[in-house]
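Colleague: I'd like to ask some things about the structure below.
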Amino acid sequence: MNKIAKSIFLLAPLLASASFSQMALAGAASITFDKYRIVLDKNSQSAELTLRNSEGKNAECLLDLSHYNFSQSNELLEVASVKSTYMPAKKLLRYSPRSVSIPSQSSQRVKISYRRRANLTPGEYISFFRISCSEKNENLVKGKPNIGAKVNYNLPVHVRIGDAAASTAFEVTSITPFAEGYKLALKQTRKGNRSLVGGLKLIDQGSGEVIKHIRNFSLYRPAEVENHVFILDEKPSGNVLVEFSEKSNVFNRVTQKIEIKNALF
């Protein structure tokens, strides 16, 4: 069976909604998801992932696990095998079904949980769901190759064991004039034995307007620093509040704020 394959990582921090879709290749299935990632911990020991087929043809998807490491600069690193992965979640995860047929304009749910294992080091275990999707061939002729397109979606899964915890802090590194506005550079640091996953907002406290919003920001362990650069179209009317917050149901939830005085702009 000959396939054209394309891989997509659901890691982009600037996507505007809670679902993600990708028109990848002609003949490929276009699948949307209701989550960017799965986080399992003491508060959320199971989850459901909804896959929706937004195309006019039926689709088939196979679910498997893939593995990567992360660099000190928060970049994804390929590994030769799961044995080379730092704290993979593979042996902890349960999920079903592992293959789904999704009719046109319909959806399927995948149930995900983690199994408890004795003597595990507290901390965060990460793997990726590799979800391989293609159009379902309704007219396959025996003996003829199925030449089509396949898309591999990669969705991170975090399993946090024990009292996995993290903290974060901000530092303003520079504020400089840029065009008719300003360029704001911030350094965000991470400490602890797990990643940071949450939303990052810049709020003009004079108007109450959210002037920048990163909905799916992640700083993976072992990375300890992320440098942000924001372009502001004009001078804020008041002080600027920088706010990072994880979802309210996350165990050992992290929130942090810093207020930047208007006089610095």
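Ligands are numbered from 1 in the order shown, chains are lettered A, B, ... in the order of the structure tokens, and residues start at 1 in each chain.
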Just asking: which residues within stretch 40-129 of chain A are strand (DSSP E or B) according to DSSP, as JSON, numbers by chain?
Modeller: {"A": [40, 46, 47, 48, 49, 50, 51, 52, 53, 59, 60, 61, 62, 63, 64, 65, 66, 68, 69, 70, 76, 77, 78, 93, 94, 95, 96, 99, 100, 101, 102, 107, 108, 109, 110, 111, 112, 113, 114, 123, 124, 125, 126, 127, 128, 129]}
Colleague: Can you pull out every residue within 6 Å of A:Leu40, counting only C-alpha atoms, but drop anything in the same chain fewer than 3 positions away, and send it as a PDB file with N, CA and C atoms, in the first residue's frame?
Modeller:
```
ATOM      1  N   SER A  44      -7.423  14.855  37.246  1.00  0.00           N
ATOM      2  CA  SER A  44      -8.022  14.408  35.979  1.00  0.00           C
ATOM      3  C   SER A  44      -7.328  13.123  35.550  1.00  0.00           C
ATOM      4  N   GLN A  45      -7.872  11.985  35.994  1.00  0.00           N
ATOM      5  CA  GLN A  45      -7.223  10.704  35.735  1.00  0.00           C
ATOM      6  C   GLN A  45      -7.686  10.058  34.437  1.00  0.00           C
ATOM      7  N   VAL A 159       1.371  12.802  31.468  1.00  0.00           N
ATOM      8  CA  VAL A 159       0.904  12.053  32.634  1.00  0.00           C
ATOM      9  C   VAL A 159       1.752  12.499  33.820  1.00  0.00           C
TER      10      VAL A 159
END
```
Colleague: Looking at only C-alpha atoms, which of A:Asp41, A:Ser101, A:Gln108, A:Phe128 is the one that sits closest to A:Val82?
Modeller: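 Ranking A:Asp41, A:Ser101, A:Gln108, A:Phe128 by distance to A:Val82, first place goes to A:Phe128.
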Colleague: Counting only C-alpha atoms, what is within 9 Å of A:Arg98, bar same-chain residues fewer than 2 positions away, as a list in words?
Modeller: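 Contacts, with the query itself left out: Cys61, Leu62, Leu63, Asp64, Tyr95, Ser96, Val100 and Val110 of chain A.
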Colleague: Write the residues of the selection above to a file with C-alpha atoms, as a PDB file, in the first residue's frame.
Modeller:
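Ended up saving to again36.pdb:
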```
ATOM      1  CA  CYS A  61      -7.750   6.832  11.638  1.00  0.00           C
ATOM      2  CA  LEU A  62      -5.214   4.662  13.464  1.00  0.00           C
ATOM      3  CA  LEU A  63      -3.941   5.672  16.921  1.00  0.00           C
ATOM      4  CA  ASP A  64      -0.450   4.867  18.140  1.00  0.00           C
ATOM      5  CA  TYR A  95      -6.727   4.272  25.325  1.00  0.00           C
ATOM      6  CA  SER A  96      -9.472   2.848  23.157  1.00  0.00           C
ATOM      7  CA  VAL A 100     -11.782   4.386  14.149  1.00  0.00           C
ATOM      8  CA  VAL A 110     -11.343   8.055  22.143  1.00  0.00           C
TER       9      VAL A 110
END
```
Colleague: So, with only C-alpha atoms as the atoms that count, which of A:Lys136, A:His158, A:Lys257, A:Arg115 lies closest to A:Gly56?
Modeller: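 Among A:Lys136, A:His158, A:Lys257, A:Arg115, it is A:Lys136 that comes nearest to A:Gly56.
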Colleague: Restricting the calculation to only C-alpha atoms, which member of A:Arg116, A:Arg109, A:Arg190, A:Lys83 is positioned closest to A:Ser218?
Modeller: A:Arg190
Colleague: Would you mind reading off the distance between atom CA of A:Arg117 and atom CA of A:Tyr153, one decimal, in Å?
Modeller: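 Between atom CA of A:Arg117 and atom CA of A:Tyr153 the gap is 28.3 Å.
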Colleague: Write out as a PyMOL selection string the residues lying within 10 Å of A:Ser167, counting only C-alpha atoms and excluding same-chain residues fewer than 6 positions away.
Modeller: chain A and resi 189-196+252-256
Colleague: Between A:Lys111, A:Arg160, A:Lys150, A:Lys91, which is the closest to A:Ala59 once you count only C-alpha atoms?
Modeller: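 Going through A:Lys111, A:Arg160, A:Lys150, A:Lys91 one by one, the smallest distance to A:Ala59 is for A:Lys150.
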Colleague: With distances taken over only C-alpha atoms, which residue among A:Gln105, A:Glu48, A:Leu241, A:Pro236 lies nearest A:Lys183?
Modeller: A:Pro236
Colleague: Do a neighbour search on A:Glu243 at 10 Å with only C-alpha atoms, toss out local chain neighbours closer than 2 positions, and write the hits as JSON, numbers by chain.
Modeller: {"A": [170, 199, 200, 201, 202, 203, 213, 240, 241, 245, 255, 256, 257, 258, 259]}
Colleague: Could you tell me which of A:Ala165, A:Ile31, A:Val229, A:Leu184 comes closest to A:Leu51 if we count only C-alpha atoms?
Modeller: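 Of all the options, A:Ile31 lies closest to A:Leu51.
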